[in-house]
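Q: This is the structure I want to talk about, given as structure tokens.
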Amino acid sequence: MNDTIVPNPTPGSLDYPLHSELTIGEYFRRQVEARPHQDFIVYPDRQLRWSYQDFDIRTDNLAKGLLAIGMKPGDHLGVWARNIPDWLTFMFATAKLGIVLVTLNPAYKSHELDYVLNQSDMNTLCIIDAWRDVDYVKIIRELVPEAADCERGHLTTATYPHLKNLIYMGPEKHRGFFTVPELLLLGSHSDDEALKDATKEFTNNSVVNMQYTSGTTGFPKGVMLTHRNILNNGFYIGENQKFTHVDRVCLPVPFFHCFGCVLGVMAVLTHGSTMVVVEEFDPLLVLEAISKERATAFYGVPTMYIAVLNHPRFTELDLTSLRTGIIAGAAVPPEVTKEAMERMHMKEMTNCYGLTETSPVFIQTHADDEDWHKQHTVGRKHAPVEVRVINPEDGSICGPGEKGEICCKGYNVMKGYYKMPEATAQAIDEDGFLHSGDLGSYDEDGYYNITGRIKDMIIRGGENIYPLEIENFMLSIPGVLDAQVVGAPDEKYGEIVVAFVKQREGFTLSDEGIRETMIKQMARYKVPKYVFFVTEYPETLSKKVKKYQLRETAAELIAKQNAKA
């Protein structure tokens, strides 16, 4: 489905033609008209299927239910849950109503929740009962004890002055909470006119989604993304995979992150496709979902692909329906991409690059690119975005082959960090370019390579060392399943190179053997001085490796070895 292309109306922005100037709600209604009975959302393990029409009715009712309890366009609603079906119901209901969806990491505990409740000015919080070791209800009772004695919808707490409503995302009742079935029933008996009136109070340039950065270098920042940002970004992401209405996309990536709600949900929406959701990543559940639902695409970070490819039952399930997909979210080893293309039949898979602040993708390989480019680059820039590589030392613009900071400008750049004007100004320069903090370069044909985070770069005796280069080489060593390289403090060189290695089953590797292999083929200063073997890495919920923790672990292990010497 194509919308009329109109110029970018935002004052001061680049005059790029975009796919759509609609809100998410308006766009969704057009897809409902085009394919009302097609599957939109499938949860194989729950035996749940919502067609476009089913989901339209459900989200309309929830939106009207939210209006009935006093919410209005511009209010902030937080969802604190894993990938349950009603995460998506709230995502679309709030988009239809002009409410800002605040996405909360399911792994948050009381300290993180307390911060976001305050910083985001949240009006309503939706939760499940528990996940892993996090008891959500218990945490709410501790942080908001007034809820146990307040009438629902009339919560008053001095600690969180904006918080008025609590919603439990399930059929059970908890004192002080609305339930989703209650809101759906309330909405089904409400007039449609109130919802129609609400849509007049916001535009596609209004904020629809607020995601909090990880906060590993300071307090988390709320990234404000608009309908225009994420709807168009989803379109270009899907275009590079050649999506159509027949595609069925297997999504085990979390919705609270852009990988799930933009690369996944928005790419599916803009192409009238179907999403096949795996609530929590498990390699066997992924394999079964792909096989059962005949998925044509699969999304995952490198560690997910490694887990799927190495699962004992990998060869038992039929993956021949796969065609394309995305591998992203962390540095991508070429060998993993190659193996997925060959063994998972994903000949048209794509790699992409971006960050939450850029909605998130602005560089991506195309389904028709040559295999080498798919395996060794992150692709070329999306058409409606301007990309520069800037020397971080003097601000000069780099040419082909020169390393610098990746920066971009265009429709996809965030509206800003919520209530953080100084941080926004630091991220977006006077020319409107968003600075990524990532180092990279591009070649004469416009294909980009990402070297790593500026803060991850290792400086050993004045030599700049890029961990990704070393990691990719180590993956070519027989028996190495995965490798993560970090810097550790050193009195003589300032920093030294340290590697953490996972080995494949059936191999017995040694640190000396790995170092000897590397010394023969790589400059000695890049070869890790220490190689530590591990069975797992510290990871975020999005399966990104927490390199800052590996750096801390490296320093501790080296100190112990030195103490023994």
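So you can find residues: chains in the structure tokens are A, B, ... in the order shown, residues in each start at 1, and ligands are numbered from 1 in order.
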Find the residues around Gln119 of chain A up to 10 Å (only C-alpha atoms counted), leave out those fewer than 3 positions away in its own chain, and share them as a CSV table (one decimal) with all heavy atoms, in the first residue's frame.
A:
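Dumped to out-v5.csv:
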chain,number,residue,atom,x,y,z
A,113,LEU,N,12.8,1.5,38.2
A,113,LEU,CA,11.4,1.9,38.0
A,113,LEU,C,11.1,3.3,38.7
A,113,LEU,O,10.5,4.2,38.2
A,113,LEU,CB,10.4,0.9,38.6
A,113,LEU,CG,9.0,1.2,38.5
A,113,LEU,CD1,8.5,1.3,37.0
A,113,LEU,CD2,8.1,0.2,39.2
A,114,ASP,N,11.6,3.5,39.9
A,114,ASP,CA,11.5,4.7,40.6
A,114,ASP,C,12.0,5.9,39.8
A,114,ASP,O,11.3,6.9,39.7
A,114,ASP,CB,12.3,4.6,41.9
A,114,ASP,CG,12.3,6.0,42.7
A,114,ASP,OD1,11.3,6.5,43.1
A,114,ASP,OD2,13.4,6.5,42.8
A,115,TYR,N,13.1,5.7,39.2
A,115,TYR,CA,13.7,6.8,38.4
A,115,TYR,C,12.8,7.1,37.2
A,115,TYR,O,12.5,8.3,36.9
A,115,TYR,CB,15.1,6.4,37.9
A,115,TYR,CG,15.7,7.4,36.9
A,115,TYR,CD1,16.3,8.5,37.3
A,115,TYR,CD2,15.6,7.2,35.5
A,115,TYR,CE1,16.8,9.5,36.4
A,115,TYR,CE2,16.1,8.1,34.6
A,115,TYR,CZ,16.7,9.2,35.1
A,115,TYR,OH,17.2,10.2,34.2
A,116,VAL,N,12.4,6.1,36.4
A,116,VAL,CA,11.6,6.4,35.2
A,116,VAL,C,10.2,6.9,35.6
A,116,VAL,O,9.7,7.8,34.9
A,116,VAL,CB,11.5,5.1,34.4
A,116,VAL,CG1,10.5,5.3,33.2
A,116,VAL,CG2,12.9,4.7,33.8
A,122,MET,N,5.0,10.0,34.4
A,122,MET,CA,4.1,9.0,33.9
A,122,MET,C,2.7,9.1,34.6
A,122,MET,O,2.6,9.3,35.8
A,122,MET,CB,4.7,7.6,34.3
A,122,MET,CG,4.0,6.4,33.6
A,122,MET,SD,4.7,4.9,34.0
A,122,MET,CE,6.4,5.1,33.3
A,160,TYR,N,5.1,10.4,43.4
A,160,TYR,CA,5.0,10.4,41.9
A,160,TYR,C,3.7,11.2,41.6
A,160,TYR,O,2.6,10.7,41.3
A,160,TYR,CB,4.8,9.0,41.3
A,160,TYR,CG,5.9,8.1,41.8
A,160,TYR,CD1,5.6,7.0,42.8
A,160,TYR,CD2,7.2,8.2,41.5
A,160,TYR,CE1,6.6,6.2,43.2
A,160,TYR,CE2,8.2,7.3,41.9
A,160,TYR,CZ,7.9,6.3,42.8
A,160,TYR,OH,8.8,5.5,43.3
A,220,PRO,N,19.7,7.2,32.8
A,220,PRO,CA,19.0,6.9,31.6
A,220,PRO,C,18.3,8.2,31.1
A,220,PRO,O,17.8,9.0,31.8
A,220,PRO,CB,18.0,5.9,32.0
A,220,PRO,CG,18.6,5.2,33.2
A,220,PRO,CD,19.3,6.3,33.9
A,221,LYS,N,18.2,8.3,29.7
A,221,LYS,CA,17.6,9.4,29.1
A,221,LYS,C,16.4,8.9,28.3
A,221,LYS,O,16.5,7.9,27.6
A,221,LYS,CB,18.6,10.1,28.1
A,221,LYS,CG,19.8,10.6,28.9
A,221,LYS,CD,20.8,11.3,27.9
A,221,LYS,CE,21.6,10.4,27.1
A,221,LYS,NZ,22.6,9.6,27.9
A,222,GLY,N,15.3,9.6,28.4
A,222,GLY,CA,14.1,9.2,27.6
A,222,GLY,C,14.1,9.8,26.2
A,222,GLY,O,14.0,11.0,26.0
A,418,TYR,N,13.8,13.6,26.8
A,418,TYR,CA,12.7,14.2,27.6
A,418,TYR,C,13.3,15.0,28.8
A,418,TYR,O,14.1,14.5,29.6
A,418,TYR,CB,11.8,13.2,28.1
A,418,TYR,CG,10.6,13.7,28.8
A,418,TYR,CD1,9.6,14.5,28.1
A,418,TYR,CD2,10.3,13.4,30.1
A,418,TYR,CE1,8.5,15.0,28.8
A,418,TYR,CE2,9.2,13.9,30.8
A,418,TYR,CZ,8.3,14.7,30.1
A,418,TYR,OH,7.2,15.2,30.7
A,419,LYS,N,13.0,16.3,28.8
A,419,LYS,CA,13.4,17.2,29.9
A,419,LYS,C,14.9,17.2,30.1
A,419,LYS,O,15.4,17.5,31.2
A,419,LYS,CB,12.7,16.8,31.3
A,419,LYS,CG,11.2,16.9,31.2
A,419,LYS,CD,10.6,16.9,32.6
A,419,LYS,CE,11.0,15.6,33.4
A,419,LYS,NZ,10.3,15.5,34.7
A,420,MET,N,15.7,17.0,29.1
A,420,MET,CA,17.1,17.1,29.1
A,420,MET,C,17.7,17.9,27.9
A,420,MET,O,18.3,17.3,27.0
A,420,MET,CB,17.7,15.7,29.1
A,420,MET,CG,17.5,14.9,30.4
A,420,MET,SD,18.3,13.3,30.4
A,420,MET,CE,18.0,12.6,32.0
Q: Return as an MDAnalysis selection string the full set of residues in segment 251-308 of chain A whose backbone-based DSSP assignment is alpha helix (DSSP H).
A: chainID A and resid 258 265:270 283:293 302:308
Q: What are the nearest atom pairs, with distances in Å to one decimal, for all residues of segment 94-144 of chain A that come at most 9 Å from segment 74-81 of chain A, using only C-alpha atoms, set out by chain and rising residue number as a tab-separated table?
A:
residue	atom	partner	partner_atom	distance
A:Thr94	CA	A:Leu77	CA	7.9
A:Leu97	CA	A:Gly74	CA	8.8
A:Gly98	CA	A:Gly74	CA	6.0
A:Ile99	CA	A:Gly74	CA	5.0
A:Val100	CA	A:His76	CA	4.8
A:Leu101	CA	A:Leu77	CA	5.1
A:Val102	CA	A:Gly78	CA	4.4
A:Thr103	CA	A:Val79	CA	5.5
A:Leu104	CA	A:Trp80	CA	4.9
A:Asn105	CA	A:Trp80	CA	6.6
A:Pro106	CA	A:Ala81	CA	5.2
A:Ala107	CA	A:Ala81	CA	8.9
A:Tyr108	CA	A:Trp80	CA	8.5
A:Leu117	CA	A:Gly78	CA	8.4
A:Ser120	CA	A:His76	CA	7.4
A:Asp121	CA	A:His76	CA	6.9
A:Met122	CA	A:His76	CA	4.9
A:Asn123	CA	A:His76	CA	5.4
A:Thr124	CA	A:Leu77	CA	4.7
A:Leu125	CA	A:Gly78	CA	4.7
A:Cys126	CA	A:Val79	CA	4.9
A:Ile127	CA	A:Trp80	CA	5.0
A:Ile128	CA	A:Ala81	CA	5.7
A:Asp129	CA	A:Ala81	CA	8.7
A:Ala130	CA	A:Ala81	CA	8.3
A:Trp131	CA	A:Ala81	CA	7.8
A:Tyr136	CA	A:Trp80	CA	8.4
Q: Could you save the residues just selected, with N, CA and C atoms, as a compact mmCIF listing (two decimals), in the first residue's frame?
A:
# COMPACT_ATOMS: atom_id res chain seq x y z
N THR A 94 -2.54 3.37 22.42
CA THR A 94 -1.99 4.68 22.77
C THR A 94 -1.66 5.49 21.53
N LEU A 97 -4.68 7.09 20.22
CA LEU A 97 -5.22 8.10 21.13
C LEU A 97 -4.31 9.31 21.32
N GLY A 98 -3.07 9.22 20.81
CA GLY A 98 -2.14 10.33 21.00
C GLY A 98 -1.45 10.32 22.35
N ILE A 99 -1.49 9.18 23.03
CA ILE A 99 -0.79 9.02 24.31
C ILE A 99 0.63 8.56 24.02
N VAL A 100 1.58 9.02 24.82
CA VAL A 100 2.98 8.64 24.66
C VAL A 100 3.23 7.34 25.40
N LEU A 101 3.66 6.30 24.67
CA LEU A 101 3.98 5.02 25.28
C LEU A 101 5.42 5.06 25.80
N VAL A 102 5.57 4.86 27.10
CA VAL A 102 6.90 4.79 27.71
C VAL A 102 7.26 3.31 27.87
N THR A 103 8.29 2.87 27.18
CA THR A 103 8.64 1.46 27.21
C THR A 103 9.62 1.19 28.35
N LEU A 104 9.30 0.21 29.18
CA LEU A 104 10.12 -0.11 30.35
C LEU A 104 10.76 -1.48 30.19
N ASN A 105 12.04 -1.55 30.45
CA ASN A 105 12.76 -2.81 30.39
C ASN A 105 12.18 -3.78 31.42
N PRO A 106 11.77 -4.99 31.01
CA PRO A 106 11.20 -5.95 31.97
C PRO A 106 12.17 -6.34 33.09
N ALA A 107 13.47 -6.13 32.85
CA ALA A 107 14.46 -6.49 33.87
C ALA A 107 14.62 -5.43 34.95
N TYR A 108 13.97 -4.28 34.77
CA TYR A 108 14.06 -3.22 35.79
C TYR A 108 13.64 -3.75 37.15
N LEU A 117 9.56 6.40 36.63
CA LEU A 117 8.26 6.93 37.04
C LEU A 117 8.34 8.44 37.27
N SER A 120 9.82 10.49 33.76
CA SER A 120 8.92 10.49 32.59
C SER A 120 7.60 11.21 32.82
N ASP A 121 7.32 11.62 34.06
CA ASP A 121 6.00 12.22 34.38
C ASP A 121 4.87 11.26 34.00
N MET A 122 5.03 10.01 34.36
CA MET A 122 4.09 8.98 33.94
C MET A 122 2.72 9.14 34.61
N ASN A 123 1.67 9.09 33.79
CA ASN A 123 0.30 9.19 34.29
C ASN A 123 -0.27 7.83 34.64
N THR A 124 0.10 6.81 33.84
CA THR A 124 -0.48 5.47 34.00
C THR A 124 0.61 4.43 33.81
N LEU A 125 0.60 3.41 34.67
CA LEU A 125 1.58 2.32 34.55
C LEU A 125 0.83 0.99 34.41
N CYS A 126 1.24 0.20 33.40
CA CYS A 126 0.65 -1.12 33.15
C CYS A 126 1.70 -2.18 33.45
N ILE A 127 1.33 -3.21 34.21
CA ILE A 127 2.30 -4.22 34.60
C ILE A 127 1.72 -5.63 34.46
N ILE A 128 2.63 -6.62 34.46
CA ILE A 128 2.24 -8.02 34.64
C ILE A 128 2.57 -8.36 36.09
N ASP A 129 2.39 -9.63 36.48
CA ASP A 129 2.62 -9.97 37.89
C ASP A 129 4.10 -10.10 38.21
N ALA A 130 4.86 -10.82 37.38
CA ALA A 130 6.27 -11.05 37.67
C ALA A 130 6.97 -11.56 36.41
N TRP A 131 8.26 -11.46 36.41
CA TRP A 131 9.08 -11.99 35.32
C TRP A 131 10.47 -12.31 35.87
N TYR A 136 6.74 -7.68 40.07
CA TYR A 136 6.26 -6.33 39.76
C TYR A 136 5.24 -5.82 40.77
Q: Determine the nearest neighbour of Cys407 of chain A from the options A:Asp247, A:Glu393, A:Glu370, A:Glu357, counting only C-alpha atoms.
A: A:Glu357
Q: Go through A:Pro302, A:Thr365, A:Pro360, A:Ala427 and flag the residue nearest Thr337 of chain A, using only C-alpha atoms for the distances.
A: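 The closest residue to Thr337 of chain A is A:Pro302.
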Q: Rounded to one decimal, what separation in Å do you get between atom CA of Arg343 of chain A and atom CA of Glu288 of chain A?
A: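 Pair atom CA of Arg343 of chain A / atom CA of Glu288 of chain A returns 15.7 Å.
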Q: Please report the interatomic distance between atom CA of Leu319 of chain A and atom CA of Asn351 of chain A in Å with one decimal.
A: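 Those two atoms sit 19.6 Å apart.
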Q: Please report, as an MDAnalysis selection string, each residue of segment 169-374 of chain A to which DSSP assigns strand (DSSP E or B) when run on this structure's backbone.
A: chainID A and resid 178:179 207:212 222:226 248:251 274:277 297:300 324:327 350:354 361:364
Q: Save out the residues we just selected, C-alpha atoms, as a PDB file, in the first residue's frame.
A:
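Result file part.pdb:
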ATOM      1  CA  PHE A 178      -7.735  -1.632  36.644  1.00  0.00           C
ATOM      2  CA  THR A 179      -7.594  -4.805  34.550  1.00  0.00           C
ATOM      3  CA  VAL A 207       5.750  12.045  20.250  1.00  0.00           C
ATOM      4  CA  VAL A 208       4.294   8.527  20.263  1.00  0.00           C
ATOM      5  CA  ASN A 209       7.022   6.528  21.955  1.00  0.00           C
ATOM      6  CA  MET A 210       9.602   7.211  24.656  1.00  0.00           C
ATOM      7  CA  GLN A 211      12.397   4.707  25.188  1.00  0.00           C
ATOM      8  CA  TYR A 212      15.008   4.937  27.891  1.00  0.00           C
ATOM      9  CA  GLY A 222      14.073   9.249  27.620  1.00  0.00           C
ATOM     10  CA  VAL A 223      14.375   9.279  23.826  1.00  0.00           C
ATOM     11  CA  MET A 224      11.313  10.974  22.310  1.00  0.00           C
ATOM     12  CA  LEU A 225      10.263   9.407  19.001  1.00  0.00           C
ATOM     13  CA  THR A 226       7.364  10.584  16.840  1.00  0.00           C
ATOM     14  CA  ARG A 248       5.607 -13.652   8.137  1.00  0.00           C
ATOM     15  CA  VAL A 249       8.237 -12.318  10.515  1.00  0.00           C
ATOM     16  CA  CYS A 250       9.441 -14.328  13.520  1.00  0.00           C
ATOM     17  CA  LEU A 251      10.120 -11.875  16.373  1.00  0.00           C
ATOM     18  CA  THR A 274       2.274 -10.790   9.721  1.00  0.00           C
ATOM     19  CA  MET A 275       4.288 -10.965  12.943  1.00  0.00           C
ATOM     20  CA  VAL A 276       4.950 -14.334  14.592  1.00  0.00           C
ATOM     21  CA  VAL A 277       5.907 -13.568  18.180  1.00  0.00           C
ATOM     22  CA  ALA A 297      11.939 -13.742   8.046  1.00  0.00           C
ATOM     23  CA  PHE A 298      13.724 -14.003  11.378  1.00  0.00           C
ATOM     24  CA  TYR A 299      15.143 -11.247  13.584  1.00  0.00           C
ATOM     25  CA  GLY A 300      17.877 -11.600  16.174  1.00  0.00           C
ATOM     26  CA  THR A 324      15.230 -12.787   4.729  1.00  0.00           C
ATOM     27  CA  GLY A 325      15.481 -11.130   8.149  1.00  0.00           C
ATOM     28  CA  ILE A 326      17.806  -9.008  10.220  1.00  0.00           C
ATOM     29  CA  ILE A 327      20.921  -9.668  12.243  1.00  0.00           C
ATOM     30  CA  THR A 350      20.130  -8.011   6.002  1.00  0.00           C
ATOM     31  CA  ASN A 351      22.391  -6.342   8.518  1.00  0.00           C
ATOM     32  CA  CYS A 352      21.588  -2.883   9.787  1.00  0.00           C
ATOM     33  CA  TYR A 353      22.920  -0.136  11.991  1.00  0.00           C
ATOM     34  CA  GLY A 354      21.440   2.645  14.055  1.00  0.00           C
ATOM     35  CA  VAL A 361      18.013   2.355  11.562  1.00  0.00           C
ATOM     36  CA  PHE A 362      19.675   4.580   8.971  1.00  0.00           C
ATOM     37  CA  ILE A 363      22.227   2.203   7.411  1.00  0.00           C
ATOM     38  CA  GLN A 364      21.277  -1.273   6.135  1.00  0.00           C
TER      39      GLN A 364
END
Q: Atom CA of Asn229 of chain A and atom CA of Leu355 of chain A are how many Å apart?
A: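 About the pair atom CA of Asn229 of chain A and atom CA of Leu355 of chain A: they are 12.6 Å apart.
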Q: A:Ser51, A:Gln375, A:Asn391, A:Ala331: which is nearest Ile470 of chain A, counting only C-alpha atoms?
A: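 Counting only C-alpha atoms, the residue closest to Ile470 of chain A is A:Ala331.
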Q: Hey, what's within 10 Å of Glu536 of chain A if we count only C-alpha atoms and toss same-chain stuff fewer than 6 positions away? As a PyMOL selection string, please?
A: chain A and resi 482+500-502+545
Q: Excluding Asn204 of chain A and its own-chain neighbours fewer than 2 positions away, which residues fall within 7 Å of it when counting only C-alpha atoms? Please give them as JSON, numbers by chain.
A: {"A": [21, 22, 23, 206, 226, 227, 228]}
Q: Neighbouring residues of segment 186-190 of chain A were defined as those with any atom within 6 Å, considering only C-alpha atoms; residues of the same chain fewer than 2 positions away were excluded. Please report them as a CSV table (one decimal) with all heavy atoms, in the first residue's frame.
A:
chain,number,residue,atom,x,y,z
A,61,ASN,N,-11.2,-0.4,21.4
A,61,ASN,CA,-11.9,-0.6,22.7
A,61,ASN,C,-11.0,-0.2,23.8
A,61,ASN,O,-11.4,0.5,24.8
A,61,ASN,CB,-12.4,-2.0,22.9
A,61,ASN,CG,-13.7,-2.3,22.0
A,61,ASN,OD1,-14.4,-1.3,21.7
A,61,ASN,ND2,-13.9,-3.5,21.7
A,62,LEU,N,-9.7,-0.6,23.7
A,62,LEU,CA,-8.8,-0.2,24.8
A,62,LEU,C,-8.6,1.3,24.8
A,62,LEU,O,-8.5,1.9,25.9
A,62,LEU,CB,-7.5,-0.9,24.6
A,62,LEU,CG,-6.4,-0.7,25.7
A,62,LEU,CD1,-7.0,-1.0,27.1
A,62,LEU,CD2,-5.1,-1.4,25.5
A,64,LYS,N,-10.6,3.6,23.9
A,64,LYS,CA,-11.8,4.3,24.5
A,64,LYS,C,-11.9,4.0,26.0
A,64,LYS,O,-12.4,4.9,26.8
A,64,LYS,CB,-13.1,3.8,23.8
A,64,LYS,CG,-13.2,4.3,22.4
A,64,LYS,CD,-14.5,3.9,21.7
A,64,LYS,CE,-14.6,2.4,21.5
A,64,LYS,NZ,-15.9,2.0,20.8
A,65,GLY,N,-11.4,2.8,26.4
A,65,GLY,CA,-11.3,2.5,27.9
A,65,GLY,C,-10.4,3.5,28.6
A,65,GLY,O,-10.6,3.9,29.7
A,183,LEU,N,-11.1,-2.6,31.1
A,183,LEU,CA,-11.0,-1.4,30.2
A,183,LEU,C,-11.5,-1.7,28.8
A,183,LEU,O,-12.2,-0.9,28.2
A,183,LEU,CB,-9.5,-1.1,30.1
A,183,LEU,CG,-8.8,-0.5,31.3
A,183,LEU,CD1,-7.3,-0.3,31.1
A,183,LEU,CD2,-9.5,0.7,31.8
A,184,LEU,N,-11.4,-3.0,28.3
A,184,LEU,CA,-11.9,-3.3,27.1
A,184,LEU,C,-13.5,-3.3,27.1
A,184,LEU,O,-14.1,-2.8,26.1
A,184,LEU,CB,-11.4,-4.7,26.7
A,184,LEU,CG,-10.0,-4.9,26.3
A,184,LEU,CD1,-9.6,-6.3,26.1
A,184,LEU,CD2,-9.7,-4.1,25.0
Q: From the options A:Tyr448, A:Ala423, A:Lys403, A:Glu335, which residue's atoms come nearest to Pro478 of chain A, counting only C-alpha atoms?
A: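 Once distances to Pro478 of chain A are computed over only C-alpha atoms, the minimum belongs to A:Glu335.
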Q: If you count only C-alpha atoms, which residues fall within 12 Å of Lys492 of chain A, apart from same-chain ones fewer than 2 positions away, as a list in words?
A: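 What passes the distance filter is Ile459, Arg460, Gly461, Gly462, Ala488, Pro489, Asp490, Gly494, Glu495 and Ile496 of chain A.
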Q: Emit the selected residues as a tab-separated table (two decimals), in the first residue's frame, including N, CA, C and O atoms.
A:
chain	number	residue	atom	x	y	z
A	459	ILE	N	43.37	1.88	23.56
A	459	ILE	CA	44.57	2.63	23.19
A	459	ILE	C	45.75	2.01	23.95
A	459	ILE	O	45.92	2.20	25.16
A	460	ARG	N	46.57	1.26	23.21
A	460	ARG	CA	47.71	0.55	23.81
A	460	ARG	C	49.00	1.22	23.37
A	460	ARG	O	49.39	1.14	22.21
A	461	GLY	N	49.64	1.89	24.29
A	461	GLY	CA	50.91	2.54	23.97
A	461	GLY	C	50.82	3.49	22.80
A	461	GLY	O	51.76	3.59	21.99
A	462	GLY	N	49.69	4.18	22.65
A	462	GLY	CA	49.51	5.11	21.56
A	462	GLY	C	48.89	4.51	20.31
A	462	GLY	O	48.52	5.23	19.38
A	488	ALA	N	41.99	-3.56	29.25
A	488	ALA	CA	42.18	-3.59	30.70
A	488	ALA	C	43.33	-2.65	31.04
A	488	ALA	O	44.28	-2.50	30.25
A	489	PRO	N	43.26	-1.98	32.19
A	489	PRO	CA	44.32	-1.01	32.54
A	489	PRO	C	45.68	-1.69	32.70
A	489	PRO	O	45.77	-2.82	33.17
A	490	ASP	N	46.72	-0.97	32.29
A	490	ASP	CA	48.09	-1.49	32.38
A	490	ASP	C	49.05	-0.34	32.65
A	490	ASP	O	48.96	0.71	32.01
A	494	GLY	N	49.21	1.66	29.33
A	494	GLY	CA	47.95	2.37	29.52
A	494	GLY	C	46.78	1.40	29.48
A	494	GLY	O	45.96	1.35	30.40
A	495	GLU	N	46.69	0.63	28.40
A	495	GLU	CA	45.70	-0.44	28.26
A	495	GLU	C	46.33	-1.62	27.55
A	495	GLU	O	47.27	-1.46	26.75
A	496	ILE	N	45.80	-2.80	27.83
A	496	ILE	CA	46.19	-4.00	27.11
A	496	ILE	C	44.93	-4.70	26.61
A	496	ILE	O	43.83	-4.44	27.08
